[in-house]
Each structure stands twice: as C-alpha cells, then as structure tokens.
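What follows is query13.cif (mmCIF, C-alpha atoms, pLDDT in the B column; chains and numbers go by the auth columns).
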data_protein
#
loop_
_atom_site.group_PDB
_atom_site.id
_atom_site.type_symbol
_atom_site.label_atom_id
_atom_site.label_comp_id
_atom_site.label_asym_id
_atom_site.label_seq_id
_atom_site.Cartn_x
_atom_site.Cartn_y
_atom_site.Cartn_z
_atom_site.B_iso_or_equiv
_atom_site.auth_seq_id
_atom_site.auth_asym_id
ATOM 1 C CA ILE A 1 -12.103 -10.603 -10.568 90.00 8 A
ATOM 2 C CA GLU A 2 -14.152 -10.866 -13.767 93.00 9 A
ATOM 3 C CA VAL A 3 -10.979 -11.598 -15.762 95.00 10 A
ATOM 4 C CA ILE A 4 -9.963 -14.328 -13.302 95.00 11 A
ATOM 5 C CA HIS A 5 -13.379 -16.005 -13.385 95.00 12 A
ATOM 6 C CA PHE A 6 -13.667 -15.765 -17.183 95.00 13 A
ATOM 7 C CA SER A 7 -10.160 -17.092 -17.864 95.00 14 A
ATOM 8 C CA LEU A 8 -10.488 -19.988 -15.409 95.00 15 A
ATOM 9 C CA ARG A 9 -13.829 -21.043 -16.898 95.00 16 A
ATOM 10 C CA ASN A 10 -12.332 -21.026 -20.391 94.00 17 A
ATOM 11 C CA LEU A 11 -9.277 -22.964 -19.201 94.00 18 A
ATOM 12 C CA GLN A 12 -11.513 -25.646 -17.720 94.00 19 A
ATOM 13 C CA LYS A 13 -13.465 -25.872 -20.978 93.00 20 A
ATOM 14 C CA ALA A 14 -10.227 -26.088 -22.975 94.00 21 A
ATOM 15 C CA LEU A 15 -8.934 -28.916 -20.795 92.00 22 A
ATOM 16 C CA LYS A 16 -12.188 -30.794 -21.441 90.00 23 A
ATOM 17 C CA GLY A 17 -11.906 -30.171 -25.170 90.00 24 A
ATOM 18 C CA GLN A 18 -15.020 -27.987 -25.307 91.00 25 A
ATOM 19 C CA VAL A 19 -13.167 -24.916 -26.664 89.00 26 A
ATOM 20 C CA LEU A 20 -9.891 -24.359 -28.504 90.00 27 A
ATOM 21 C CA MET A 21 -6.766 -24.142 -26.318 90.00 28 A
ATOM 22 C CA SER A 22 -5.505 -20.702 -27.355 91.00 29 A
ATOM 23 C CA ASP A 23 -2.011 -19.364 -26.720 92.00 30 A
ATOM 24 C CA ASP A 24 -3.368 -17.164 -23.908 92.00 31 A
ATOM 25 C CA LEU A 25 -5.037 -20.100 -22.175 94.00 32 A
ATOM 26 C CA GLU A 26 -1.909 -22.213 -22.571 94.00 33 A
ATOM 27 C CA ARG A 27 0.190 -19.459 -20.971 94.00 34 A
ATOM 28 C CA LEU A 28 -2.426 -19.196 -18.212 95.00 35 A
ATOM 29 C CA GLY A 29 -2.154 -22.907 -17.466 94.00 36 A
ATOM 30 C CA ASN A 30 1.645 -22.861 -17.541 96.00 37 A
ATOM 31 C CA SER A 31 1.801 -19.898 -15.167 96.00 38 A
ATOM 32 C CA MET A 32 -0.534 -21.585 -12.691 95.00 39 A
ATOM 33 C CA TYR A 33 1.492 -24.804 -12.905 95.00 40 A
ATOM 34 C CA ASP A 34 4.658 -22.802 -12.124 96.00 41 A
ATOM 35 C CA GLY A 35 2.958 -20.986 -9.237 95.00 42 A
ATOM 36 C CA LYS A 36 3.132 -17.592 -10.942 96.00 43 A
ATOM 37 C CA VAL A 37 0.407 -14.991 -11.409 96.00 44 A
ATOM 38 C CA PRO A 38 -0.749 -15.169 -15.062 96.00 45 A
ATOM 39 C CA ALA A 39 0.117 -12.182 -17.230 94.00 46 A
ATOM 40 C CA MET A 40 -3.522 -11.709 -18.314 94.00 47 A
ATOM 41 C CA TRP A 41 -4.457 -11.272 -14.652 95.00 48 A
ATOM 42 C CA MET A 42 -1.634 -8.812 -13.961 94.00 49 A
ATOM 43 C CA ASP A 43 -2.724 -6.676 -16.926 92.00 50 A
ATOM 44 C CA LYS A 44 -5.895 -5.830 -14.956 91.00 51 A
ATOM 45 C CA SER A 45 -4.451 -6.129 -11.455 92.00 52 A
ATOM 46 C CA TYR A 46 -2.835 -3.930 -8.849 91.00 53 A
ATOM 47 C CA PRO A 47 1.005 -4.188 -8.793 91.00 54 A
ATOM 48 C CA SER A 48 2.211 -7.320 -7.017 93.00 55 A
ATOM 49 C CA MET A 49 5.347 -9.456 -6.891 94.00 56 A
ATOM 50 C CA LYS A 50 3.753 -12.286 -4.923 95.00 57 A
ATOM 51 C CA PRO A 51 3.621 -15.897 -6.111 96.00 58 A
ATOM 52 C CA LEU A 52 0.228 -17.237 -7.145 96.00 59 A
ATOM 53 C CA GLY A 53 -0.854 -18.659 -3.776 95.00 60 A
ATOM 54 C CA SER A 54 0.048 -15.523 -1.813 96.00 61 A
ATOM 55 C CA TYR A 55 -1.490 -13.329 -4.506 96.00 62 A
ATOM 56 C CA VAL A 56 -4.842 -15.112 -4.262 96.00 63 A
ATOM 57 C CA ASN A 57 -4.817 -14.861 -0.449 96.00 64 A
ATOM 58 C CA ASP A 58 -4.014 -11.151 -0.717 96.00 65 A
ATOM 59 C CA LEU A 59 -6.818 -10.630 -3.249 96.00 66 A
ATOM 60 C CA VAL A 60 -9.297 -12.395 -0.943 96.00 67 A
ATOM 61 C CA ASP A 61 -8.221 -10.115 1.947 96.00 68 A
ATOM 62 C CA ARG A 62 -8.741 -7.033 -0.217 96.00 69 A
ATOM 63 C CA ILE A 63 -12.214 -8.172 -1.256 95.00 70 A
ATOM 64 C CA LYS A 64 -13.102 -8.880 2.371 96.00 71 A
ATOM 65 C CA MET A 65 -11.935 -5.392 3.394 95.00 72 A
ATOM 66 C CA MET A 66 -14.200 -3.768 0.812 95.00 73 A
ATOM 67 C CA ALA A 67 -17.128 -6.060 1.666 96.00 74 A
ATOM 68 C CA ASP A 68 -16.803 -5.225 5.386 96.00 75 A
ATOM 69 C CA TRP A 69 -16.610 -1.517 4.514 95.00 76 A
ATOM 70 C CA ILE A 70 -19.835 -1.742 2.503 96.00 77 A
ATOM 71 C CA ALA A 71 -21.607 -3.770 5.195 96.00 78 A
ATOM 72 C CA SER A 72 -20.390 -1.952 8.319 94.00 79 A
ATOM 73 C CA GLY A 73 -19.112 1.429 7.182 94.00 80 A
ATOM 74 C CA PRO A 74 -15.557 2.800 7.109 94.00 81 A
ATOM 75 C CA PRO A 75 -13.144 1.066 9.510 95.00 82 A
ATOM 76 C CA SER A 76 -11.428 2.972 12.321 96.00 83 A
ATOM 77 C CA VAL A 77 -8.039 1.889 10.927 97.00 84 A
ATOM 78 C CA PHE A 78 -7.543 1.587 7.171 97.00 85 A
ATOM 79 C CA TRP A 79 -5.453 -1.214 5.722 97.00 86 A
ATOM 80 C CA ILE A 80 -3.681 1.043 3.233 96.00 87 A
ATOM 81 C CA SER A 81 -2.095 -1.898 1.431 95.00 88 A
ATOM 82 C CA GLY A 82 -5.548 -3.111 0.389 95.00 89 A
ATOM 83 C CA PHE A 83 -6.449 -0.248 -1.948 94.00 90 A
ATOM 84 C CA TYR A 84 -6.262 -0.705 -5.712 91.00 91 A
ATOM 85 C CA PHE A 85 -5.539 3.019 -6.225 90.00 92 A
ATOM 86 C CA THR A 86 -3.863 4.288 -3.051 93.00 93 A
ATOM 87 C CA HIS A 87 -3.582 7.861 -4.323 92.00 94 A
ATOM 88 C CA ALA A 88 -7.381 8.120 -4.540 93.00 95 A
ATOM 89 C CA PHE A 89 -7.699 7.203 -0.867 95.00 96 A
ATOM 90 C CA LEU A 90 -5.137 9.850 0.134 95.00 97 A
ATOM 91 C CA THR A 91 -6.903 12.468 -1.986 95.00 98 A
ATOM 92 C CA GLY A 92 -10.230 11.479 -0.407 96.00 99 A
ATOM 93 C CA VAL A 93 -8.850 12.091 3.086 97.00 100 A
ATOM 94 C CA LYS A 94 -7.758 15.568 2.011 96.00 101 A
ATOM 95 C CA GLN A 95 -11.105 16.246 0.320 96.00 102 A
ATOM 96 C CA ASN A 96 -13.064 15.400 3.474 96.00 103 A
ATOM 97 C CA PHE A 97 -10.915 17.840 5.442 96.00 104 A
ATOM 98 C CA ALA A 98 -11.201 20.534 2.759 96.00 105 A
ATOM 99 C CA ARG A 99 -15.002 20.294 2.691 96.00 106 A
ATOM 100 C CA LYS A 100 -15.308 20.235 6.466 95.00 107 A
ATOM 101 C CA TYR A 101 -13.267 23.400 6.992 95.00 108 A
ATOM 102 C CA LYS A 102 -13.911 25.012 3.572 95.00 109 A
ATOM 103 C CA ILE A 103 -10.219 25.137 2.636 94.00 110 A
ATOM 104 C CA PRO A 104 -8.867 24.802 -0.946 95.00 111 A
ATOM 105 C CA ILE A 105 -7.554 21.258 -1.333 94.00 112 A
ATOM 106 C CA ASP A 106 -4.377 22.402 -3.098 93.00 113 A
ATOM 107 C CA THR A 107 -3.294 24.160 0.129 95.00 114 A
ATOM 108 C CA ILE A 108 -3.582 20.982 2.228 96.00 115 A
ATOM 109 C CA THR A 109 -0.872 18.527 3.196 96.00 116 A
ATOM 110 C CA PHE A 110 -0.498 15.946 5.990 97.00 117 A
ATOM 111 C CA ASN A 111 0.940 15.853 9.463 96.00 118 A
ATOM 112 C CA TYR A 112 2.396 12.381 10.002 97.00 119 A
ATOM 113 C CA LYS A 113 2.175 10.821 13.448 96.00 120 A
ATOM 114 C CA CYS A 114 3.518 7.370 14.317 96.00 121 A
ATOM 115 C CA MET A 115 1.205 5.926 16.953 95.00 122 A
ATOM 116 C CA PRO A 116 2.013 3.673 19.920 94.00 123 A
ATOM 117 C CA ALA A 117 1.057 0.017 19.585 90.00 124 A
ATOM 118 C CA GLY A 118 -2.510 -0.707 20.689 90.00 125 A
ATOM 119 C CA GLU A 119 -6.120 -0.999 19.598 91.00 126 A
ATOM 120 C CA TYR A 120 -7.672 2.001 17.862 94.00 127 A
ATOM 121 C CA THR A 121 -11.394 1.395 17.792 93.00 128 A
ATOM 122 C CA THR A 122 -12.565 4.924 17.007 94.00 129 A
ATOM 123 C CA PRO A 123 -11.477 6.994 14.001 94.00 130 A
ATOM 124 C CA PRO A 124 -9.602 10.292 14.529 95.00 131 A
ATOM 125 C CA GLU A 125 -11.490 13.580 14.425 95.00 132 A
ATOM 126 C CA ASP A 126 -9.641 14.531 11.218 95.00 133 A
ATOM 127 C CA GLY A 127 -7.641 12.342 8.890 96.00 134 A
ATOM 128 C CA ALA A 128 -7.214 8.581 8.995 97.00 135 A
ATOM 129 C CA TYR A 129 -5.299 5.867 10.790 98.00 136 A
ATOM 130 C CA ILE A 130 -3.386 3.647 8.360 97.00 137 A
ATOM 131 C CA ASP A 131 -1.735 0.290 8.927 96.00 138 A
ATOM 132 C CA GLY A 132 -0.292 -2.640 6.974 95.00 139 A
ATOM 133 C CA MET A 133 3.037 -1.223 5.791 97.00 140 A
ATOM 134 C CA TYR A 134 6.517 -2.743 6.084 97.00 141 A
ATOM 135 C CA VAL A 135 9.950 -1.194 6.664 97.00 142 A
ATOM 136 C CA GLU A 136 12.861 -2.217 4.440 96.00 143 A
ATOM 137 C CA GLY A 137 16.435 -1.295 5.351 95.00 144 A
ATOM 138 C CA ALA A 138 15.609 -0.364 8.939 96.00 145 A
ATOM 139 C CA ARG A 139 13.051 -1.140 11.651 96.00 146 A
ATOM 140 C CA TRP A 140 10.602 0.753 13.817 97.00 147 A
ATOM 141 C CA ASP A 141 11.572 0.854 17.493 96.00 148 A
ATOM 142 C CA GLN A 142 8.406 1.043 19.596 94.00 149 A
ATOM 143 C CA GLY A 143 10.456 1.848 22.692 93.00 150 A
ATOM 144 C CA SER A 144 12.105 5.005 21.364 95.00 151 A
ATOM 145 C CA MET A 145 9.324 5.668 18.801 96.00 152 A
ATOM 146 C CA GLN A 146 11.771 6.251 15.963 96.00 153 A
ATOM 147 C CA LEU A 147 13.648 4.463 13.197 97.00 154 A
ATOM 148 C CA ALA A 148 16.440 2.119 14.255 96.00 155 A
ATOM 149 C CA GLU A 149 18.951 -0.188 12.593 96.00 156 A
ATOM 150 C CA SER A 150 17.623 -3.484 11.255 95.00 157 A
ATOM 151 C CA LEU A 151 18.098 -6.587 13.337 94.00 158 A
ATOM 152 C CA PRO A 152 20.603 -9.125 11.943 93.00 159 A
ATOM 153 C CA LYS A 153 19.241 -11.164 8.990 91.00 160 A
ATOM 154 C CA VAL A 154 15.876 -9.353 9.102 93.00 161 A
ATOM 155 C CA LEU A 155 15.114 -7.717 5.742 92.00 162 A
ATOM 156 C CA PHE A 156 11.582 -6.480 6.457 95.00 163 A
ATOM 157 C CA SER A 157 9.738 -5.554 9.633 95.00 164 A
ATOM 158 C CA PRO A 158 6.279 -4.126 10.396 96.00 165 A
ATOM 159 C CA ALA A 159 5.900 -0.371 10.110 96.00 166 A
ATOM 160 C CA PRO A 160 4.034 1.543 12.837 96.00 167 A
ATOM 161 C CA LEU A 161 0.376 2.409 12.651 97.00 168 A
ATOM 162 C CA MET A 162 0.247 6.023 11.508 97.00 169 A
ATOM 163 C CA LEU A 163 -2.152 8.936 11.656 97.00 170 A
ATOM 164 C CA LEU A 164 -2.441 10.969 8.475 97.00 171 A
ATOM 165 C CA GLU A 165 -3.800 14.266 9.753 97.00 172 A
ATOM 166 C CA PRO A 166 -4.609 16.860 7.064 97.00 173 A
ATOM 167 C CA CYS A 167 -3.496 20.418 7.712 96.00 174 A
ATOM 168 C CA GLU A 168 -2.762 23.602 5.825 95.00 175 A
ATOM 169 C CA ASN A 169 0.700 23.740 4.279 94.00 176 A
ATOM 170 C CA SER A 170 1.754 26.523 6.624 94.00 177 A
ATOM 171 C CA LYS A 171 0.725 24.493 9.681 94.00 178 A
ATOM 172 C CA GLN A 172 2.658 21.305 8.980 94.00 179 A
ATOM 173 C CA LEU A 173 4.573 20.246 12.084 94.00 180 A
ATOM 174 C CA SER A 174 8.370 20.052 11.945 92.00 181 A
ATOM 175 C CA PHE A 175 10.431 17.545 13.935 94.00 182 A
ATOM 176 C CA PRO A 176 13.617 15.480 13.455 95.00 183 A
ATOM 177 C CA HIS A 177 12.624 13.005 10.780 96.00 184 A
ATOM 178 C CA TYR A 178 13.502 10.960 7.719 96.00 185 A
ATOM 179 C CA GLU A 179 11.539 11.668 4.560 96.00 186 A
ATOM 180 C CA CYS A 180 10.670 8.058 3.888 96.00 187 A
ATOM 181 C CA PRO A 181 9.395 7.028 0.434 95.00 188 A
ATOM 182 C CA VAL A 182 6.478 4.611 0.255 96.00 189 A
ATOM 183 C CA TYR A 183 6.288 2.073 -2.569 95.00 190 A
ATOM 184 C CA ARG A 184 3.589 -0.435 -3.468 94.00 191 A
ATOM 185 C CA THR A 185 6.036 -3.306 -4.107 94.00 192 A
ATOM 186 C CA PRO A 186 9.706 -4.083 -3.292 93.00 193 A
ATOM 187 C CA GLU A 187 10.510 -3.548 -6.973 90.00 194 A
ATOM 188 C CA ARG A 188 10.444 0.214 -6.263 86.00 195 A
ATOM 189 C CA ARG A 189 10.040 1.184 -9.895 82.00 196 A
ATOM 190 C CA GLY A 190 7.009 2.094 -11.926 78.00 197 A
ATOM 191 C CA VAL A 191 5.784 4.163 -14.822 78.00 198 A
ATOM 192 C CA LEU A 192 3.782 7.367 -14.950 75.00 199 A
ATOM 193 C CA ALA A 193 0.114 6.453 -15.323 73.00 200 A
ATOM 194 C CA THR A 194 -2.477 8.479 -17.197 68.00 201 A
ATOM 195 C CA THR A 195 -3.633 9.862 -13.836 69.00 202 A
ATOM 196 C CA GLY A 196 -0.273 11.598 -13.407 71.00 203 A
ATOM 197 C CA HIS A 197 0.778 9.268 -10.583 76.00 204 A
ATOM 198 C CA SER A 198 3.473 6.620 -10.500 81.00 205 A
ATOM 199 C CA THR A 199 2.316 3.006 -10.648 82.00 206 A
ATOM 200 C CA ASN A 200 4.623 2.183 -7.717 89.00 207 A
ATOM 201 C CA PHE A 201 5.687 5.277 -5.744 92.00 208 A
ATOM 202 C CA VAL A 202 2.927 6.453 -3.403 93.00 209 A
ATOM 203 C CA MET A 203 4.162 9.314 -1.208 94.00 210 A
ATOM 204 C CA GLU A 204 6.811 10.424 1.266 94.00 211 A
ATOM 205 C CA LEU A 205 6.210 10.106 5.008 95.00 212 A
ATOM 206 C CA MET A 206 7.916 12.046 7.786 96.00 213 A
ATOM 207 C CA VAL A 207 9.157 9.308 10.123 97.00 214 A
ATOM 208 C CA PRO A 208 10.811 10.271 13.459 96.00 215 A
ATOM 209 C CA SER A 209 14.580 9.745 13.462 96.00 216 A
ATOM 210 C CA ASP A 210 17.587 10.956 15.440 95.00 217 A
ATOM 211 C CA LYS A 211 19.930 10.412 12.487 95.00 218 A
ATOM 212 C CA PRO A 212 20.466 12.575 9.379 94.00 219 A
ATOM 213 C CA GLN A 213 18.728 11.857 6.087 94.00 220 A
ATOM 214 C CA ASP A 214 21.898 10.511 4.442 95.00 221 A
ATOM 215 C CA HIS A 215 22.179 7.778 7.051 96.00 222 A
ATOM 216 C CA TRP A 216 18.926 6.140 5.975 97.00 223 A
ATOM 217 C CA ILE A 217 19.276 7.031 2.287 96.00 224 A
ATOM 218 C CA ARG A 218 22.536 5.040 2.089 95.00 225 A
ATOM 219 C CA ARG A 219 20.646 2.060 3.555 94.00 226 A
ATOM 220 C CA GLY A 220 17.838 2.414 1.036 95.00 227 A
ATOM 221 C CA VAL A 221 15.192 2.695 3.758 96.00 228 A
ATOM 222 C CA ALA A 222 11.624 2.746 2.493 97.00 229 A
ATOM 223 C CA PHE A 223 8.120 1.717 3.517 97.00 230 A
ATOM 224 C CA LEU A 224 6.427 -0.935 1.382 97.00 231 A
ATOM 225 C CA LEU A 225 2.728 -1.736 0.996 96.00 232 A
ATOM 226 C CA SER A 226 3.347 -5.366 0.063 95.00 233 A
ATOM 227 C CA LEU A 227 6.151 -7.910 0.016 95.00 234 A
ATOM 228 C CA ALA A 228 7.159 -10.498 -2.558 91.00 235 A
ATOM 229 C CA ASP A 229 6.220 -13.575 -0.519 87.00 236 A
#
Would you write the structure of this file as structure tokens?
Amino acid sequence: IEVIHFSLRNLQKALKGQVLMSDDLERLGNSMYDGKVPAMWMDKSYPSMKPLGSYVNDLVDRIKMMADWIASGPPSVFWISGFYFTHAFLTGVKQNFARKYKIPIDTITFNYKCMPAGEYTTPPEDGAYIDGMYVEGARWDQGSMQLAESLPKVLFSPAPLMLLEPCENSKQLSFPHYECPVYRTPERRGVLATTGHSTNFVMELMVPSDKPQDHWIRRGVAFLLSLAD
C-alpha cells in the first residue's frame, strides 16, 4: 500500500512538472493507461493475474478483511484467498491445535471436509472454515457432495466451503477422494521462495470423488485462490 501511495503521488507531481518524469514513473503511467498492474506494484504484491481495476477491488477487499478482523476478532469463516502469505495461515491453524493438545506440530496434518451450503456463524471447535476458492477443470456438485464434470462452456466454478480440521498424522480420515492441488493464480507456476514455499502452489486438498485420480488429473483439475478477471 505504501508503494502504491508513494508512486501515485510522484506520478501526479511528475505530470504537473514538479519532479522529473523517471523511467519508472513513465512505465507506471503507461501500465495504468493500458489497464495493467504496474510492475513496481507487483514487485511488492501478492501474486495476481488480474487487470488493474479488478486488482484494486481485490486489494480493497483484502484490506477490509484485515480491518474487520482487527476490529471484531477472527471471522467464523476465513476468506483464504485474502491472505498475503497463505502458508502462514495454515501453519497458524496447526499451531493453535498443537498448543491446545500439546502435540508436536510436525506430527499434525489436516482432515478435509467439504461442507454443505449454508451460513456458518460460529467457528469450529478445532481448525478453520475456509471459503473463496474456485474449481478449474471440474465443478463441485452440492447434490452429491463430490466433484463432477464441468458444465458446457464454464471454465471456473465456486469451490465448496471447507473445514480444515487438524489431526495427528495417524488419525487422518481416508475416503474416496481426489488429491486436488491448490494454486494462488491460474498461472499455476511459481518459484521457491526463501521461506521454502512455492510462490504459487499452496497445498493439496482431499476432495470427495467417485472417480479415480487419473480421471481428474487428465482434466487438469485444481482449486484456485484467484482468477484472472
């Protein structure tokens, strides 16, 4: 946010002739004219493939989520797409469980539960409800509560609200499922950051399915935290 404010102030001054129009400011102005997110913003930003208008709206929603959290406490359902560093949130959920039950965090994983549609106004006893993901290559069927084939001409559809419930590795529930990768953007590629995590890949979810893994792998099915529109 500081970079955005600083660069826009300098661009305004440059347009008025109060400061020199540098190459960076010229590229900033050209990107905004073309409706693209400026490179100097993306250098400090979370990954995004959105055009400028959608990016700003998304940024405002993320700021509002954090402001509401500070003012009113943690929400009952977390908008997982709104986190700058999603891995830190997932680690925090595990840490809370580990401290509560005095279990080493490296022995903890998640049980993944896709929840029926509805309002969830109270948080779970353990873990966290997450929402805001999208399915690419398939769709979520609320009737059968499992993955289904995409509808004609529909590339993306809403993913179900899910419960991430920490548990010991030996107590993870097993059921017919697809090990679905989760990515931050539709680009699906990233680099290894200094934290040891990918800049795009987040995790794998166990999503109920009555078809074998290969069926969905050939369709490139994945959950996404944001789209490119």
Neighbouring residues of segment 61-67 of chain A were defined as those with any atom within 7 Å, considering all atoms listed in the file; residues of the same chain fewer than 4 positions away were excluded. Please report them as a PyMOL selection string. chain A and resi 57+71+236
Would you work out the distance separating atom CA of Gly203 of chain A from atom CA of Thr93 of chain A, expressed in Å to one decimal? 13.2 Å
Distance criterion (all atoms listed in the file): nearest to Lys109 of chain A out of A:Glu175, A:Leu212, A:Pro45, A:Cys187: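 Answer, going by the shortest atom-to-atom distance: A:Glu175.
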Counting all atoms listed in the file, which residues have an atom no more than 7 Å from (17.9, 13.2, 9.7) in the file's coordinates? Please list them as a PDB file with C-alpha atoms, keeping the file's coordinate frame.
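Here's the written file point-v9.pdb:
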ATOM      1  CA  PRO A 183      13.617  15.480  13.455  1.00 95.00           C
ATOM      2  CA  HIS A 184      12.624  13.005  10.780  1.00 96.00           C
ATOM      3  CA  TYR A 185      13.502  10.960   7.719  1.00 96.00           C
ATOM      4  CA  SER A 216      14.580   9.745  13.462  1.00 96.00           C
ATOM      5  CA  ASP A 217      17.587  10.956  15.440  1.00 95.00           C
ATOM      6  CA  LYS A 218      19.930  10.412  12.487  1.00 95.00           C
ATOM      7  CA  PRO A 219      20.466  12.575   9.379  1.00 94.00           C
ATOM      8  CA  GLN A 220      18.728  11.857   6.087  1.00 94.00           C
TER       9      GLN A 220
END
Could you tell me how far atom CA of Gly125 of chain A lies from atom CA of Phe208 of chain A, in Å and to one decimal? 28.3 Å
Could you state which residues are captured by the PyMOL selection byres ((chain A and resi 233) around 10) in this file, as a PyMOL selection string? chain A and resi 54-57+65+88-89+139-141+190-193+230-232+234-236
Which neighbours of Glu9 of chain A fall inside 12 Å, counting all atoms listed in the file, when residues of the same chain fewer than 2 positions from it are skipped, and could you give them as a PyMOL selection string? chain A and resi 11-16+47-48+51-52
Ranking A:Gly150, A:Gln19, A:Asp138, A:Lys178 by minimum distance to Glu126 of chain A and counting only C-alpha atoms, which one comes first?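 Smallest distance to Glu126 of chain A is found for A:Asp138.
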In Å and to one decimal, atom CA of His204 of chain A is distant from atom CA of Cys174 of chain A by 21.8 Å
Name every residue that the PyMOL selection byres ((chain A and resi 157) around 12) selects in this structure, writing the answer as a VMD selection string with chains first and numbers rising. chain A and resid 142 to 148 154 to 156 158 to 165 223 226 to 228
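Shortest separation to Thr114 of chain A among A:Phe96, A:Leu27, A:Asn207, A:Asn176 occurs at residue A:Asn176, atoms counted being all atoms listed in the file.
Counting only C-alpha atoms, the residue from A:Glu186, A:Asn103, A:Pro167, A:Pro82 that sits nearest to Ile224 of chain A is A:Glu186.
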Hey, what comes out of the PyMOL selection byres ((chain A and resi 43) around 10) on this file? Could you write it as JSON, numbers by chain? {"A": [35, 36, 37, 38, 39, 40, 41, 42, 44, 45, 46, 56, 57, 58, 59, 60, 61, 62]}
Box centre and edge lengths (Å, one decimal), axis-aligned, segment 17-31 of chain A plus 6 Å each side, as lines of an AutoDock Vina configuration file:
center_x = -8.5
center_y = -24.0
center_z = -23.1
size_x = 25.0
size_y = 25.6
size_z = 22.8
Please complete segment 191-198 of chain A with all heavy atoms and give it back as a PDB file, in the frame of the given file.
ATOM      1  N   ARG A 191       4.613   0.617  -3.512  1.00 94.00           N
ATOM      2  CA  ARG A 191       3.589  -0.435  -3.468  1.00 94.00           C
ATOM      3  C   ARG A 191       4.211  -1.826  -3.445  1.00 94.00           C
ATOM      4  O   ARG A 191       3.633  -2.749  -2.880  1.00 94.00           O
ATOM      5  CB  ARG A 191       2.641  -0.284  -4.666  1.00 94.00           C
ATOM      6  CG  ARG A 191       1.927   1.068  -4.684  1.00 94.00           C
ATOM      7  CD  ARG A 191       1.024   1.227  -5.881  1.00 94.00           C
ATOM      8  NE  ARG A 191      -0.196   0.433  -5.749  1.00 94.00           N
ATOM      9  CZ  ARG A 191      -1.185   0.464  -6.635  1.00 94.00           C
ATOM     10  NH1 ARG A 191      -1.088   1.242  -7.707  1.00 94.00           N
ATOM     11  NH2 ARG A 191      -2.253  -0.273  -6.459  1.00 94.00           N
ATOM     12  N   THR A 192       5.369  -1.999  -4.075  1.00 94.00           N
ATOM     13  CA  THR A 192       6.036  -3.306  -4.107  1.00 94.00           C
ATOM     14  C   THR A 192       7.530  -3.115  -3.863  1.00 94.00           C
ATOM     15  O   THR A 192       8.063  -2.005  -4.020  1.00 94.00           O
ATOM     16  CB  THR A 192       5.847  -4.015  -5.462  1.00 94.00           C
ATOM     17  OG1 THR A 192       6.607  -3.310  -6.465  1.00 94.00           O
ATOM     18  CG2 THR A 192       4.384  -4.067  -5.853  1.00 94.00           C
ATOM     19  N   PRO A 193       8.253  -4.188  -3.503  1.00 93.00           N
ATOM     20  CA  PRO A 193       9.706  -4.083  -3.292  1.00 93.00           C
ATOM     21  C   PRO A 193      10.482  -3.744  -4.566  1.00 93.00           C
ATOM     22  O   PRO A 193      11.656  -3.393  -4.493  1.00 93.00           O
ATOM     23  CB  PRO A 193      10.086  -5.488  -2.787  1.00 93.00           C
ATOM     24  CG  PRO A 193       8.824  -6.090  -2.284  1.00 93.00           C
ATOM     25  CD  PRO A 193       7.732  -5.518  -3.129  1.00 93.00           C
ATOM     26  N   GLU A 194       9.846  -3.855  -5.716  1.00 90.00           N
ATOM     27  CA  GLU A 194      10.510  -3.548  -6.973  1.00 90.00           C
ATOM     28  C   GLU A 194      10.936  -2.085  -7.030  1.00 90.00           C
ATOM     29  O   GLU A 194      11.944  -1.737  -7.655  1.00 90.00           O
ATOM     30  CB  GLU A 194       9.565  -3.866  -8.130  1.00 90.00           C
ATOM     31  CG  GLU A 194      10.218  -3.847  -9.494  1.00 90.00           C
ATOM     32  CD  GLU A 194       9.237  -4.255 -10.584  1.00 90.00           C
ATOM     33  OE1 GLU A 194       8.031  -4.076 -10.402  1.00 90.00           O
ATOM     34  OE2 GLU A 194       9.698  -4.748 -11.622  1.00 90.00           O
ATOM     35  N   ARG A 195      10.133  -1.216  -6.409  1.00 86.00           N
ATOM     36  CA  ARG A 195      10.444   0.214  -6.263  1.00 86.00           C
ATOM     37  C   ARG A 195      10.533   0.970  -7.592  1.00 86.00           C
ATOM     38  O   ARG A 195      11.097   2.057  -7.639  1.00 86.00           O
ATOM     39  CB  ARG A 195      11.753   0.419  -5.501  1.00 86.00           C
ATOM     40  CG  ARG A 195      11.743  -0.074  -4.074  1.00 86.00           C
ATOM     41  CD  ARG A 195      12.876   0.568  -3.325  1.00 86.00           C
ATOM     42  NE  ARG A 195      13.059   0.030  -1.999  1.00 86.00           N
ATOM     43  CZ  ARG A 195      13.815   0.559  -1.073  1.00 86.00           C
ATOM     44  NH1 ARG A 195      14.464   1.665  -1.342  1.00 86.00           N
ATOM     45  NH2 ARG A 195      13.954  -0.005   0.112  1.00 86.00           N
ATOM     46  N   ARG A 196      10.037   0.426  -8.632  1.00 82.00           N
ATOM     47  CA  ARG A 196      10.040   1.184  -9.895  1.00 82.00           C
ATOM     48  C   ARG A 196       8.671   1.058 -10.546  1.00 82.00           C
ATOM     49  O   ARG A 196       7.968   0.072 -10.370  1.00 82.00           O
ATOM     50  CB  ARG A 196      11.122   0.682 -10.850  1.00 82.00           C
ATOM     51  CG  ARG A 196      10.915  -0.720 -11.393  1.00 82.00           C
ATOM     52  CD  ARG A 196      12.036  -1.117 -12.341  1.00 82.00           C
ATOM     53  NE  ARG A 196      11.845  -2.470 -12.860  1.00 82.00           N
ATOM     54  CZ  ARG A 196      11.137  -2.765 -13.944  1.00 82.00           C
ATOM     55  NH1 ARG A 196      10.530  -1.790 -14.618  1.00 82.00           N
ATOM     56  NH2 ARG A 196      11.017  -4.008 -14.365  1.00 82.00           N
ATOM     57  N   GLY A 197       8.297   2.093 -11.255  1.00 78.00           N
ATOM     58  CA  GLY A 197       7.009   2.094 -11.926  1.00 78.00           C
ATOM     59  C   GLY A 197       7.045   3.035 -13.109  1.00 78.00           C
ATOM     60  O   GLY A 197       8.086   3.580 -13.470  1.00 78.00           O
ATOM     61  N   VAL A 198       5.909   3.235 -13.703  1.00 78.00           N
ATOM     62  CA  VAL A 198       5.784   4.163 -14.822  1.00 78.00           C
ATOM     63  C   VAL A 198       4.734   5.204 -14.470  1.00 78.00           C
ATOM     64  O   VAL A 198       3.923   5.012 -13.557  1.00 78.00           O
ATOM     65  CB  VAL A 198       5.392   3.430 -16.126  1.00 78.00           C
ATOM     66  CG1 VAL A 198       6.489   2.449 -16.524  1.00 78.00           C
ATOM     67  CG2 VAL A 198       4.065   2.701 -15.964  1.00 78.00           C
TER      68      VAL A 198
END
